[in-house]
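Everything below belongs to start26.csv, which stores CSV, C-alpha atoms (C1' of nucleotides) and all ligand atoms.
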chain,number,residue,atom,x,y,z
Y,1,MET,CA,-16.4,25.1,10.9
Y,2,THR,CA,-15.2,27.5,8.2
Y,3,THR,CA,-17.7,28.8,5.7
Y,4,THR,CA,-17.5,27.7,2.1
Y,5,ASP,CA,-16.1,31.1,1.0
Y,6,GLU,CA,-13.5,31.1,3.7
Y,7,ALA,CA,-12.4,27.6,2.8
Y,8,LEU,CA,-11.8,28.5,-0.8
Y,9,ARG,CA,-10.0,31.7,0.1
Y,10,THR,CA,-7.8,29.9,2.6
Y,11,ALA,CA,-7.0,27.3,0.0
Y,12,GLY,CA,-6.0,30.0,-2.4
Y,13,LEU,CA,-8.8,29.2,-4.8
Y,14,ARG,CA,-11.2,31.5,-6.6
Y,15,ALA,CA,-14.8,31.3,-5.6
Y,16,THR,CA,-16.3,29.9,-8.8
Y,17,ARG,CA,-19.8,28.6,-9.3
Y,18,GLN,CA,-18.5,25.0,-9.6
Y,19,ARG,CA,-16.4,25.1,-6.5
Y,20,LEU,CA,-19.2,26.7,-4.5
Y,21,SER,CA,-21.6,24.0,-5.6
Y,22,VAL,CA,-19.2,21.3,-4.6
Y,23,LEU,CA,-18.6,22.8,-1.2
Y,24,GLU,CA,-22.3,23.4,-0.7
Y,25,SER,CA,-23.2,19.9,-1.4
Y,26,LEU,CA,-20.6,18.7,1.0
Y,27,ARG,CA,-21.8,21.1,3.7
Y,28,GLU,CA,-23.1,19.3,6.8
Y,29,ARG,CA,-23.3,16.1,4.7
Y,30,PRO,CA,-22.7,13.2,7.1
Y,31,ASP,CA,-21.3,10.7,4.6
Y,32,ALA,CA,-18.2,10.5,2.5
Y,33,VAL,CA,-18.7,10.6,-1.3
Y,34,THR,CA,-16.6,9.8,-4.3
Y,35,ALA,CA,-15.8,12.2,-7.1
Y,36,GLN,CA,-17.8,10.2,-9.6
Y,37,ASP,CA,-20.8,10.0,-7.4
Y,38,LEU,CA,-20.7,13.6,-6.4
Y,39,HIS,CA,-20.4,14.6,-10.1
Y,40,ALA,CA,-23.4,12.5,-10.9
Y,41,GLU,CA,-25.4,14.0,-8.1
Y,42,LEU,CA,-24.6,17.5,-9.1
Y,43,ARG,CA,-25.4,16.9,-12.7
Y,44,GLY,CA,-28.6,15.2,-11.7
Y,45,ALA,CA,-29.5,18.2,-9.6
Y,46,GLY,CA,-29.1,20.5,-12.6
Y,47,GLU,CA,-25.7,21.8,-11.5
Y,48,PRO,CA,-23.6,21.8,-14.7
Y,49,ILE,CA,-20.0,20.8,-13.8
Y,50,GLY,CA,-17.3,18.7,-15.4
Y,51,LEU,CA,-15.9,15.5,-13.9
Y,52,THR,CA,-12.4,16.9,-14.1
Y,53,THR,CA,-13.4,19.9,-12.1
Y,54,VAL,CA,-15.0,17.8,-9.4
Y,55,TYR,CA,-11.8,15.8,-9.1
Y,56,ARG,CA,-9.6,18.9,-9.0
Y,57,THR,CA,-11.8,20.7,-6.5
Y,58,LEU,CA,-11.9,17.7,-4.1
Y,59,THR,CA,-8.2,17.1,-4.4
Y,60,ALA,CA,-7.4,20.8,-3.8
Y,61,LEU,CA,-9.7,21.0,-0.8
Y,62,ALA,CA,-8.4,17.8,0.7
Y,63,GLY,CA,-4.8,19.1,0.3
Y,64,ALA,CA,-5.8,22.3,2.1
Y,65,GLY,CA,-7.1,20.2,5.0
Y,66,PHE,CA,-10.8,21.0,4.5
Y,67,LEU,CA,-11.8,17.5,3.4
Y,68,ASP,CA,-10.7,14.1,4.8
Y,69,THR,CA,-10.2,11.2,2.4
Y,70,PHE,CA,-11.3,7.6,2.7
Y,71,ASP,CA,-10.5,4.6,0.7
Y,72,ARG,CA,-13.7,2.8,-0.6
Y,73,ASP,CA,-12.4,-0.3,-2.4
Y,74,GLY,CA,-9.6,1.5,-4.1
Y,75,GLU,CA,-11.8,4.5,-4.8
Y,76,GLN,CA,-11.3,7.7,-3.0
Y,77,ALA,CA,-14.2,9.2,-1.0
Y,78,PHE,CA,-14.2,12.7,0.5
Y,79,ARG,CA,-16.0,14.3,3.5
Y,80,ARG,CA,-16.1,17.8,4.9
Y,81,CYS,CA,-14.5,17.4,8.3
Y,82,GLY,CA,-13.5,19.6,11.2
Y,83,GLU,CA,-10.1,21.1,11.0
Y,84,VAL,CA,-8.8,19.9,14.3
Y,85,HIS,CA,-7.2,16.5,14.5
Y,86,HIS,CA,-9.7,13.7,14.9
Y,87,HIS,CA,-10.4,10.1,14.0
Y,88,HIS,CA,-13.4,8.4,12.3
Y,89,LEU,CA,-16.2,6.0,12.9
Y,90,VAL,CA,-17.4,4.9,9.4
Y,91,CYS,CA,-20.6,3.1,8.6
Y,92,GLU,CA,-19.9,0.6,5.9
Y,93,THR,CA,-23.5,0.6,4.7
Y,94,CYS,CA,-24.4,4.2,4.3
Y,95,ASN,CA,-20.9,5.7,4.5
Y,96,ARG,CA,-21.9,8.0,7.3
Y,97,VAL,CA,-18.8,9.3,9.2
Y,98,GLU,CA,-18.7,10.3,12.9
Y,99,GLU,CA,-15.7,12.3,14.0
Y,100,LEU,CA,-13.9,11.1,17.1
Y,101,SER,CA,-11.3,12.4,19.4
Y,102,GLY,CA,-9.0,10.0,21.1
Y,103,ASP,CA,-6.5,11.2,23.6
Y,104,ASP,CA,-5.6,7.6,24.5
Y,105,VAL,CA,-4.9,7.1,20.8
Y,106,GLU,CA,-2.6,10.1,20.7
Y,107,ARG,CA,-0.7,8.8,23.7
Y,108,TRP,CA,-0.4,5.3,22.1
Y,109,VAL,CA,1.0,6.9,18.9
Y,110,SER,CA,3.8,8.8,20.6
Y,111,GLN,CA,4.7,6.0,22.9
Y,112,ALA,CA,4.9,3.4,20.2
Y,113,ALA,CA,6.9,5.7,18.0
Y,114,THR,CA,9.4,6.5,20.7
Y,115,ARG,CA,9.7,2.9,21.7
Y,116,HIS,CA,10.7,2.0,18.1
Y,117,GLY,CA,12.8,5.1,17.4
Y,118,PHE,CA,10.5,6.4,14.7
Y,119,GLU,CA,9.9,10.1,14.1
Y,120,VAL,CA,6.1,10.5,13.7
Y,121,THR,CA,4.9,12.2,10.5
Y,122,GLY,CA,1.2,11.2,10.9
Y,123,HIS,CA,-1.2,8.6,11.9
Y,124,ARG,CA,-4.6,7.3,11.2
Y,125,ALA,CA,-7.1,5.5,13.4
Y,126,ASP,CA,-10.5,4.6,11.9
Y,127,ILE,CA,-13.3,2.3,13.1
Y,128,PHE,CA,-15.6,0.6,10.6
Y,129,GLY,CA,-19.0,-0.7,11.5
Y,130,ILE,CA,-22.7,-0.4,10.9
Y,131,CYS,CA,-24.5,2.6,12.3
Y,132,ALA,CA,-27.6,2.5,14.4
Y,133,ALA,CA,-29.8,3.6,11.5
Y,134,CYS,CA,-28.5,0.9,9.2
Y,135,ARG,CA,-28.9,-1.9,11.6
H,136,MET,CA,4.4,-17.7,12.1
H,137,THR,CA,3.1,-20.2,9.6
H,138,THR,CA,5.4,-21.8,7.1
H,139,THR,CA,4.9,-20.9,3.4
H,140,ASP,CA,3.5,-24.4,2.6
H,141,GLU,CA,1.1,-24.2,5.5
H,142,ALA,CA,-0.1,-20.8,4.4
H,143,LEU,CA,-0.9,-22.0,0.9
H,144,ARG,CA,-2.6,-25.1,2.2
H,145,THR,CA,-4.7,-23.1,4.6
H,146,ALA,CA,-5.7,-20.7,1.9
H,147,GLY,CA,-6.8,-23.6,-0.2
H,148,LEU,CA,-4.1,-22.9,-2.9
H,149,ARG,CA,-1.9,-25.4,-4.6
H,150,ALA,CA,1.8,-25.1,-3.9
H,151,THR,CA,3.1,-24.0,-7.3
H,152,ARG,CA,6.6,-22.7,-8.0
H,153,GLN,CA,5.3,-19.2,-8.5
H,154,ARG,CA,3.3,-19.0,-5.3
H,155,LEU,CA,6.2,-20.4,-3.3
H,156,SER,CA,8.6,-17.9,-4.7
H,157,VAL,CA,6.2,-15.1,-3.9
H,158,LEU,CA,5.8,-16.3,-0.3
H,159,GLU,CA,9.5,-16.9,0.0
H,160,SER,CA,10.4,-13.4,-1.1
H,161,LEU,CA,7.9,-12.0,1.4
H,162,ARG,CA,9.4,-14.2,4.2
H,163,GLU,CA,10.8,-12.1,7.1
H,164,ARG,CA,10.8,-9.1,4.8
H,165,PRO,CA,10.3,-6.0,6.9
H,166,ASP,CA,8.8,-3.8,4.3
H,167,ALA,CA,5.6,-3.7,2.4
H,168,VAL,CA,5.9,-4.2,-1.4
H,169,THR,CA,3.6,-3.6,-4.4
H,170,ALA,CA,2.6,-6.3,-6.9
H,171,GLN,CA,4.5,-4.4,-9.6
H,172,ASP,CA,7.6,-4.0,-7.6
H,173,LEU,CA,7.6,-7.6,-6.4
H,174,HIS,CA,7.1,-8.8,-10.0
H,175,ALA,CA,10.1,-6.8,-11.2
H,176,GLU,CA,12.2,-8.1,-8.3
H,177,LEU,CA,11.4,-11.7,-9.0
H,178,ARG,CA,12.0,-11.3,-12.7
H,179,GLY,CA,15.2,-9.6,-12.0
H,180,ALA,CA,16.2,-12.4,-9.7
H,181,GLY,CA,15.7,-14.9,-12.5
H,182,GLU,CA,12.3,-16.2,-11.1
H,183,PRO,CA,10.0,-16.4,-14.1
H,184,ILE,CA,6.5,-15.3,-13.1
H,185,GLY,CA,3.7,-13.4,-14.7
H,186,LEU,CA,2.4,-10.1,-13.4
H,187,THR,CA,-1.2,-11.4,-13.3
H,188,THR,CA,0.0,-14.3,-11.2
H,189,VAL,CA,1.7,-12.0,-8.7
H,190,TYR,CA,-1.5,-9.9,-8.4
H,191,ARG,CA,-3.7,-13.0,-7.9
H,192,THR,CA,-1.3,-14.6,-5.4
H,193,LEU,CA,-1.0,-11.5,-3.3
H,194,THR,CA,-4.8,-10.9,-3.3
H,195,ALA,CA,-5.5,-14.5,-2.4
H,196,LEU,CA,-3.0,-14.5,0.5
H,197,ALA,CA,-4.3,-11.2,1.8
H,198,GLY,CA,-7.8,-12.4,1.6
H,199,ALA,CA,-6.8,-15.5,3.6
H,200,GLY,CA,-5.3,-13.2,6.3
H,201,PHE,CA,-1.6,-14.0,5.7
H,202,LEU,CA,-0.8,-10.6,4.2
H,203,ASP,CA,-1.7,-7.1,5.4
H,204,THR,CA,-2.3,-4.4,2.8
H,205,PHE,CA,-1.2,-0.8,2.7
H,206,ASP,CA,-2.1,2.1,0.5
H,207,ARG,CA,0.9,3.7,-1.1
H,208,ASP,CA,-0.5,6.7,-3.1
H,209,GLY,CA,-3.4,4.7,-4.4
H,210,GLU,CA,-1.2,1.7,-5.1
H,211,GLN,CA,-1.6,-1.4,-3.0
H,212,ALA,CA,1.4,-2.7,-1.0
H,213,PHE,CA,1.5,-6.1,0.8
H,214,ARG,CA,3.4,-7.4,3.7
H,215,ARG,CA,3.6,-10.8,5.5
H,216,CYS,CA,2.3,-10.1,8.9
H,217,GLY,CA,1.5,-12.1,12.1
H,218,GLU,CA,-2.0,-13.5,12.1
H,219,VAL,CA,-3.0,-12.1,15.5
H,220,HIS,CA,-4.6,-8.7,15.4
H,221,HIS,CA,-2.1,-5.8,15.4
H,222,HIS,CA,-1.5,-2.3,14.2
H,223,HIS,CA,1.4,-0.8,12.2
H,224,LEU,CA,4.3,1.6,12.4
H,225,VAL,CA,5.2,2.4,8.8
H,226,CYS,CA,8.4,4.1,7.6
H,227,GLU,CA,7.5,6.4,4.8
H,228,THR,CA,11.0,6.3,3.4
H,229,CYS,CA,11.9,2.7,3.3
H,230,ASN,CA,8.4,1.2,3.8
H,231,ARG,CA,9.6,-0.9,6.7
H,232,VAL,CA,6.7,-1.9,8.9
H,233,GLU,CA,6.7,-2.7,12.6
H,234,GLU,CA,3.8,-4.6,14.1
H,235,LEU,CA,2.3,-3.1,17.2
H,236,SER,CA,-0.2,-4.2,19.7
H,237,GLY,CA,-2.5,-1.7,21.4
H,238,ASP,CA,-4.8,-2.6,24.2
H,239,ASP,CA,-5.6,1.0,24.8
H,240,VAL,CA,-6.6,1.3,21.1
H,241,GLU,CA,-8.8,-1.7,21.4
H,242,ARG,CA,-10.5,-0.2,24.4
H,243,TRP,CA,-11.0,3.1,22.5
H,244,VAL,CA,-12.5,1.3,19.6
H,245,SER,CA,-15.3,-0.5,21.6
H,246,GLN,CA,-16.0,2.5,23.7
H,247,ALA,CA,-16.3,4.9,20.8
H,248,ALA,CA,-18.5,2.5,18.9
H,249,THR,CA,-20.8,1.9,21.8
H,250,ARG,CA,-21.1,5.6,22.5
H,251,HIS,CA,-22.3,6.1,18.9
H,252,GLY,CA,-24.4,3.0,18.6
H,253,PHE,CA,-22.2,1.4,16.0
H,254,GLU,CA,-21.7,-2.3,15.6
H,255,VAL,CA,-18.0,-2.7,15.0
H,256,THR,CA,-16.9,-4.7,11.9
H,257,GLY,CA,-13.3,-3.7,11.9
H,258,HIS,CA,-10.8,-1.0,12.6
H,259,ARG,CA,-7.4,0.2,11.6
H,260,ALA,CA,-4.8,2.2,13.4
H,261,ASP,CA,-1.5,2.9,11.7
H,262,ILE,CA,1.3,5.3,12.5
H,263,PHE,CA,3.4,6.8,9.8
H,264,GLY,CA,6.9,8.2,10.3
H,265,ILE,CA,10.6,7.9,9.6
H,266,CYS,CA,12.5,4.9,11.1
H,267,ALA,CA,15.8,5.2,12.9
H,268,ALA,CA,17.8,3.9,10.0
H,269,CYS,CA,16.3,6.4,7.6
H,270,ARG,CA,16.9,9.4,9.7
A,271,DG,C1',5.7,-43.9,-14.0
A,272,DA,C1',1.8,-42.8,-17.0
A,273,DC,C1',-2.8,-40.7,-16.7
A,274,DC,C1',-6.3,-37.3,-15.8
A,275,DG,C1',-9.3,-33.6,-14.2
A,276,DA,C1',-9.3,-29.6,-11.7
A,277,DC,C1',-6.7,-25.9,-10.8
A,278,DA,C1',-3.1,-22.5,-12.2
A,279,DT,C1',-0.4,-19.7,-15.4
A,280,DG,C1',0.6,-15.7,-18.4
A,281,DA,C1',0.4,-12.9,-22.6
A,282,DC,C1',-2.9,-10.0,-23.9
A,283,DA,C1',-7.0,-7.2,-23.9
A,284,DA,C1',-10.2,-4.6,-21.3
A,285,DT,C1',-11.7,-1.9,-17.4
A,286,DC,C1',-11.9,2.1,-14.7
A,287,DG,C1',-10.5,5.7,-11.6
A,288,DT,C1',-7.7,9.4,-12.1
A,289,DT,C1',-4.7,12.9,-14.3
A,290,DG,C1',-2.8,15.6,-18.4
A,291,DT,C1',-4.0,18.7,-22.3
A,292,DC,C1',-5.3,22.9,-24.2
A,293,DA,C1',-8.5,26.1,-26.3
A,294,DA,C1',-12.2,28.7,-24.5
A,295,DC,C1',-14.1,31.1,-20.5
A,296,DT,C1',-14.3,34.0,-16.1
A,297,DG,C1',-13.4,36.1,-11.4
A,298,DG,C1',-12.0,40.0,-9.5
A,299,DG,C1',-8.8,43.7,-9.3
A,300,DT,C1',-7.5,48.1,-12.0
Z,301,DA,C1',-15.1,48.2,-19.5
Z,302,DC,C1',-10.5,45.9,-19.5
Z,303,DC,C1',-7.3,42.5,-18.6
Z,304,DC,C1',-5.1,38.3,-17.5
Z,305,DA,C1',-3.9,34.7,-14.3
Z,306,DG,C1',-6.7,31.4,-12.8
Z,307,DT,C1',-10.4,28.0,-14.1
Z,308,DT,C1',-13.1,25.0,-16.8
Z,309,DG,C1',-14.4,20.8,-19.4
Z,310,DA,C1',-14.4,17.7,-23.4
Z,311,DC,C1',-11.2,14.6,-24.6
Z,312,DA,C1',-7.1,11.9,-24.6
Z,313,DA,C1',-3.8,9.5,-22.0
Z,314,DC,C1',-2.3,7.0,-18.1
Z,315,DG,C1',-1.6,3.3,-14.9
Z,316,DA,C1',-3.0,0.0,-11.6
Z,317,DT,C1',-5.8,-3.8,-11.6
Z,318,DT,C1',-8.9,-7.5,-13.5
Z,319,DG,C1',-11.0,-10.5,-17.2
Z,320,DT,C1',-10.0,-13.9,-20.9
Z,321,DC,C1',-8.8,-18.2,-22.4
Z,322,DA,C1',-5.5,-21.4,-24.5
Z,323,DT,C1',-1.8,-23.8,-22.6
Z,324,DG,C1',0.6,-25.8,-18.7
Z,325,DT,C1',1.0,-28.2,-14.2
Z,326,DC,C1',-0.1,-30.1,-9.5
Z,327,DG,C1',-1.3,-34.1,-7.1
Z,328,DG,C1',-4.1,-38.0,-6.4
Z,329,DT,C1',-5.2,-42.5,-8.8
Z,330,DC,C1',-4.2,-46.8,-11.1
R,1,ZN,ZN,-12.8,13.5,9.3
R,2,ZN,ZN,-4.9,11.0,16.4
R,3,ZN,ZN,0.5,-6.1,9.7
R,4,ZN,ZN,-6.8,-3.0,17.1

Mind turning this structure into structure tokens?
Amino acid sequence: MTTTDEALRTAGLRATRQRLSVLESLRERPDAVTAQDLHAELRGAGEPIGLTTVYRTLTALAGAGFLDTFDRDGEQAFRRCGEVHHHHLVCETCNRVEELSGDDVERWVSQAATRHGFEVTGHRADIFGICAACR
Amino acid sequence: MTTTDEALRTAGLRATRQRLSVLESLRERPDAVTAQDLHAELRGAGEPIGLTTVYRTLTALAGAGFLDTFDRDGEQAFRRCGEVHHHHLVCETCNRVEELSGDDVERWVSQAATRHGFEVTGHRADIFGICAACR
DNA sequence: GACCGACATGACAATCGTTGTCAACTGGGT
DNA sequence: ACCCAGTTGACAACGATTGTCATGTCGGTC
């Protein structure tokens, strides 16, 4: 996994205090978090940062491929994920996310697309459930 | 596929003119559509209906399992889909959706969940691309 | 066919996540 | 230290969706 500094540099972003604190709080964090929640957490932890900045930082990092996004009832949640293609196993109780590989899924994708004459631009395969700790 | 009347009855909804026109316009329609767009279309076609009603009808039908929902840049799109479990091949240009089955995907789901000690509550596997007609 | 109560409608207001604005601030190269 | 393009954040604005509630209608009953 890339370091926080490298991530910012790669994304073409300056290493500001706010961005570093966002990346740091996302570091090794197992669950996906929304902009609003992360903002509240940072503020609560004494890290001064504006909500707009949190939104912009998360969006930029996700666009650069350092974060994956999840839809939590119409609200966007983010998680620091590996940069190689993968899928997700998401706990609906604690929002923990496990990264999965799936060669069989990749095969299914290209086969289905070919069969229907589609040119693939992307795909997504996520599993939702309750993790062991939450059960 | 269920008829429009049956769908409403099953969902515990009265067969009003508005609901029937929503279901009718979704009938055999290959693409997913948003509430706002469907509302505009119906109005344009001379079908008087309120935006709130369109939202409520689509939400109710989706909740009853007659429609599948898709996220189109944070906006919700709906499509009449078969009631047996399936996955999707979505054209990002015309929003056409093909329904897919995927036994290998189902296998992958239960295997991955078991391996991580998750109890599965659901899963989703969609492919995005450009359909033959749009290329 | 008229009647009636529960359900449905729709114009409007309100909510809420997210994005735009812009004056003040700052990272990092010279 | 200087400079300025990039960044911040309080605030306003936006847009999709949901709540409100007076009015309208479905569908079973008489
Ligand atoms: Zn991920
Ligand atoms: Zn994949
Ligand atoms: Zn479907
Ligand atoms: Zn499946």

### Message
Please find the residues of chain Z near chain H - the criterion being any atom within 10 Å, counting only C-alpha atoms (C1' of nucleotides) - and write them as a list in words.
### Response
DG315, DA316, DT317, DT318, DT325, DC326 and DG327 of chain Z

Using all atoms listed in the file, can you list as a compact mmCIF listing (two decimals) with C-alpha atoms (C1' of nucleotides), keeping the file's coordinate frame the residues within 12 Å of (-14.3, 19.6, -21.9)?
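Result file follows (selection-v6.txt):
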# COMPACT_ATOMS: atom_id res chain seq x y z
CA PRO Y 48 -23.60 21.80 -14.70
CA ILE Y 49 -20.00 20.80 -13.80
CA GLY Y 50 -17.30 18.70 -15.40
CA LEU Y 51 -15.90 15.50 -13.90
CA THR Y 52 -12.40 16.90 -14.10
CA THR Y 53 -13.40 19.90 -12.10
C1' DT A 291 -4.00 18.70 -22.30
C1' DC A 292 -5.30 22.90 -24.20
C1' DA A 293 -8.50 26.10 -26.30
C1' DA A 294 -12.20 28.70 -24.50
C1' DC A 295 -14.10 31.10 -20.50
C1' DT Z 308 -13.10 25.00 -16.80
C1' DG Z 309 -14.40 20.80 -19.40
C1' DA Z 310 -14.40 17.70 -23.40
C1' DC Z 311 -11.20 14.60 -24.60
C1' DA Z 312 -7.10 11.90 -24.60

Please, can I see chain H fitted onto chain Y by all in-order Cα atoms (least squares), as a short mmCIF file (atom, residue, chain, number, x, y, z; two decimals) with C-alpha atoms, keeping the file's coordinate frame?
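Output saved as result-v9.cif:
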data_model
loop_
_atom_site.label_atom_id
_atom_site.label_comp_id
_atom_site.auth_asym_id
_atom_site.auth_seq_id
_atom_site.Cartn_x
_atom_site.Cartn_y
_atom_site.Cartn_z
CA MET H 136 -16.42 25.23 10.97
CA THR H 137 -15.28 27.51 8.20
CA THR H 138 -17.73 28.90 5.72
CA THR H 139 -17.46 27.70 2.09
CA ASP H 140 -16.12 31.12 0.92
CA GLU H 141 -13.54 31.15 3.67
CA ALA H 142 -12.40 27.67 2.79
CA LEU H 143 -11.82 28.58 -0.84
CA ARG H 144 -10.05 31.77 0.09
CA THR H 145 -7.81 29.97 2.52
CA ALA H 146 -6.96 27.35 -0.03
CA GLY H 147 -6.00 30.07 -2.43
CA LEU H 148 -8.86 29.16 -4.89
CA ARG H 149 -11.16 31.51 -6.65
CA ALA H 150 -14.81 31.28 -5.71
CA THR H 151 -16.31 29.91 -8.92
CA ARG H 152 -19.85 28.56 -9.30
CA GLN H 153 -18.57 25.03 -9.59
CA ARG H 154 -16.38 25.09 -6.51
CA LEU H 155 -19.16 26.65 -4.46
CA SER H 156 -21.63 24.05 -5.50
CA VAL H 157 -19.18 21.32 -4.62
CA LEU H 158 -18.56 22.81 -1.16
CA GLU H 159 -22.24 23.45 -0.69
CA SER H 160 -23.20 19.87 -1.44
CA LEU H 161 -20.55 18.67 1.01
CA ARG H 162 -21.88 21.10 3.70
CA GLU H 163 -23.10 19.25 6.85
CA ARG H 164 -23.23 16.07 4.81
CA PRO H 165 -22.59 13.15 7.12
CA ASP H 166 -21.25 10.74 4.62
CA ALA H 167 -18.17 10.48 2.55
CA VAL H 168 -18.70 10.67 -1.26
CA THR H 169 -16.58 9.81 -4.33
CA ALA H 170 -15.74 12.30 -7.10
CA GLN H 171 -17.80 10.19 -9.51
CA ASP H 172 -20.77 9.96 -7.30
CA LEU H 173 -20.71 13.65 -6.41
CA HIS H 174 -20.43 14.54 -10.12
CA ALA H 175 -23.49 12.46 -10.96
CA GLU H 176 -25.41 14.00 -8.06
CA LEU H 177 -24.67 17.53 -9.10
CA ARG H 178 -25.49 16.83 -12.71
CA GLY H 179 -28.64 15.20 -11.68
CA ALA H 180 -29.50 18.18 -9.56
CA GLY H 181 -29.18 20.44 -12.59
CA GLU H 182 -25.71 21.84 -11.50
CA PRO H 183 -23.59 21.79 -14.64
CA ILE H 184 -20.03 20.77 -13.77
CA GLY H 185 -17.33 18.73 -15.38
CA LEU H 186 -15.95 15.55 -13.89
CA THR H 187 -12.35 16.85 -14.11
CA THR H 188 -13.43 19.91 -12.19
CA VAL H 189 -14.97 17.83 -9.41
CA TYR H 190 -11.75 15.75 -9.14
CA ARG H 191 -9.53 18.88 -9.03
CA THR H 192 -11.78 20.68 -6.53
CA LEU H 193 -11.95 17.77 -4.16
CA THR H 194 -8.15 17.16 -4.34
CA ALA H 195 -7.41 20.82 -3.79
CA LEU H 196 -9.73 21.07 -0.75
CA ALA H 197 -8.34 17.88 0.74
CA GLY H 198 -4.86 19.05 0.23
CA ALA H 199 -5.75 22.31 2.02
CA GLY H 200 -7.08 20.24 4.99
CA PHE H 201 -10.81 21.00 4.55
CA LEU H 202 -11.69 17.49 3.38
CA ASP H 203 -10.71 14.10 4.81
CA THR H 204 -10.26 11.19 2.41
CA PHE H 205 -11.35 7.60 2.67
CA ASP H 206 -10.58 4.52 0.67
CA ARG H 207 -13.67 2.81 -0.61
CA ASP H 208 -12.38 -0.35 -2.44
CA GLY H 209 -9.57 1.53 -4.07
CA GLU H 210 -11.82 4.46 -4.88
CA GLN H 211 -11.30 7.73 -3.07
CA ALA H 212 -14.18 9.19 -1.01
CA PHE H 213 -14.18 12.73 0.51
CA ARG H 214 -15.90 14.27 3.40
CA ARG H 215 -16.00 17.81 4.93
CA CYS H 216 -14.50 17.38 8.29
CA GLY H 217 -13.51 19.64 11.26
CA GLU H 218 -10.02 21.03 10.93
CA VAL H 219 -8.81 19.91 14.37
CA HIS H 220 -7.21 16.51 14.45
CA HIS H 221 -9.70 13.62 14.84
CA HIS H 222 -10.36 10.04 13.97
CA HIS H 223 -13.38 8.39 12.28
CA LEU H 224 -16.25 6.02 12.85
CA VAL H 225 -17.37 4.93 9.39
CA CYS H 226 -20.63 3.14 8.53
CA GLU H 227 -19.89 0.61 5.88
CA THR H 228 -23.47 0.61 4.69
CA CYS H 229 -24.38 4.19 4.35
CA ASN H 230 -20.87 5.72 4.51
CA ARG H 231 -21.89 8.05 7.30
CA VAL H 232 -18.87 9.22 9.23
CA GLU H 233 -18.65 10.32 12.84
CA GLU H 234 -15.67 12.33 14.00
CA LEU H 235 -13.98 11.09 17.12
CA SER H 236 -11.33 12.39 19.37
CA GLY H 237 -8.93 10.03 21.12
CA ASP H 238 -6.47 11.15 23.70
CA ASP H 239 -5.62 7.61 24.54
CA VAL H 240 -4.85 7.01 20.82
CA GLU H 241 -2.64 10.02 20.74
CA ARG H 242 -0.76 8.76 23.75
CA TRP H 243 -0.37 5.32 22.10
CA VAL H 244 0.95 6.87 18.97
CA SER H 245 3.86 8.82 20.65
CA GLN H 246 4.70 6.00 22.94
CA ALA H 247 4.83 3.37 20.24
CA ALA H 248 6.90 5.60 18.01
CA THR H 249 9.37 6.43 20.71
CA ARG H 250 9.72 2.80 21.69
CA HIS H 251 10.70 2.01 18.08
CA GLY H 252 12.77 5.07 17.40
CA PHE H 253 10.42 6.45 14.82
CA GLU H 254 9.88 10.11 14.14
CA VAL H 255 6.15 10.46 13.74
CA THR H 256 4.86 12.21 10.56
CA GLY H 257 1.27 11.22 10.86
CA HIS H 258 -1.17 8.59 11.93
CA ARG H 259 -4.63 7.32 11.23
CA ALA H 260 -7.11 5.48 13.35
CA ASP H 261 -10.50 4.65 11.91
CA ILE H 262 -13.24 2.33 13.08
CA PHE H 263 -15.50 0.62 10.64
CA GLY H 264 -18.96 -0.73 11.46
CA ILE H 265 -22.69 -0.48 10.97
CA CYS H 266 -24.51 2.64 12.33
CA ALA H 267 -27.69 2.50 14.34
CA ALA H 268 -29.87 3.56 11.47
CA CYS H 269 -28.51 0.87 9.20
CA ARG H 270 -28.97 -1.95 11.57
#

Show me a table, sorted first by chain and then by increasing residue number, of the residues of chain Y having an atom at most 9 Å from chain H, each with its shortest atom pair and the distance in Å to one decimal, counting all atoms listed in the file and written as CSV.
residue,atom,partner,partner_atom,distance
Y:Asp71,CA,H:Gly209,CA,8.7
Y:Gly74,CA,H:Gly209,CA,7.0
Y:Glu75,CA,H:Gly209,CA,8.4
Y:Gln76,CA,H:Gly209,CA,8.6
Y:Leu89,CA,H:Ala248,CA,7.3
Y:Val90,CA,H:Phe253,CA,8.9
Y:Cys91,CA,H:Phe253,CA,7.8
Y:Glu92,CA,H:Thr256,CA,8.5
Y:Glu98,CA,H:His251,CA,8.2
Y:Leu100,CA,H:Ala247,CA,7.6
Y:Gly102,CA,H:Trp243,CA,7.3
Y:Asp104,CA,H:Asp239,CA,6.6
Y:Val105,CA,H:Val240,CA,6.1
Y:Trp108,CA,H:Asp239,CA,7.3
Y:Val109,CA,H:Ile262,CA,6.6
Y:Ala112,CA,H:Leu235,CA,7.6
Y:Ala113,CA,H:Leu224,CA,7.4
Y:His116,CA,H:Cys266,CA,7.8
Y:Gly117,CA,H:Ala267,CA,5.4
Y:Phe118,CA,H:Cys266,CA,4.4
Y:Glu119,CA,H:Ile265,CA,5.1
Y:Val120,CA,H:Gly264,CA,4.2
Y:Thr121,CA,H:Gly264,CA,4.5
Y:Gly122,CA,H:Phe263,CA,5.0
Y:His123,CA,H:Ile262,CA,4.2
Y:Arg124,CA,H:Asp261,CA,5.4
Y:Ala125,CA,H:Ala260,CA,4.0
Y:Asp126,CA,H:Arg259,CA,5.4
Y:Ile127,CA,H:His258,CA,4.2
Y:Phe128,CA,H:Gly257,CA,5.0
Y:Gly129,CA,H:Val255,CA,4.2
Y:Ile130,CA,H:Glu254,CA,5.2
Y:Cys131,CA,H:Phe253,CA,4.5
Y:Ala132,CA,H:Gly252,CA,5.3
Y:Ala133,CA,H:Gly252,CA,8.9
Y:Arg135,CA,H:Glu254,CA,8.2

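The space between CA of His86 in chain Y and CA of Gly217 in chain H spans 28.3 Å.
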
### Task
Work out how far apart C1' of DT279 in chain A and C1' of DT323 in chain Z are and give it in Å to one decimal.
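Interatomic distance, C1' of DT279 in chain A to C1' of DT323 in chain Z: 8.4 Å.
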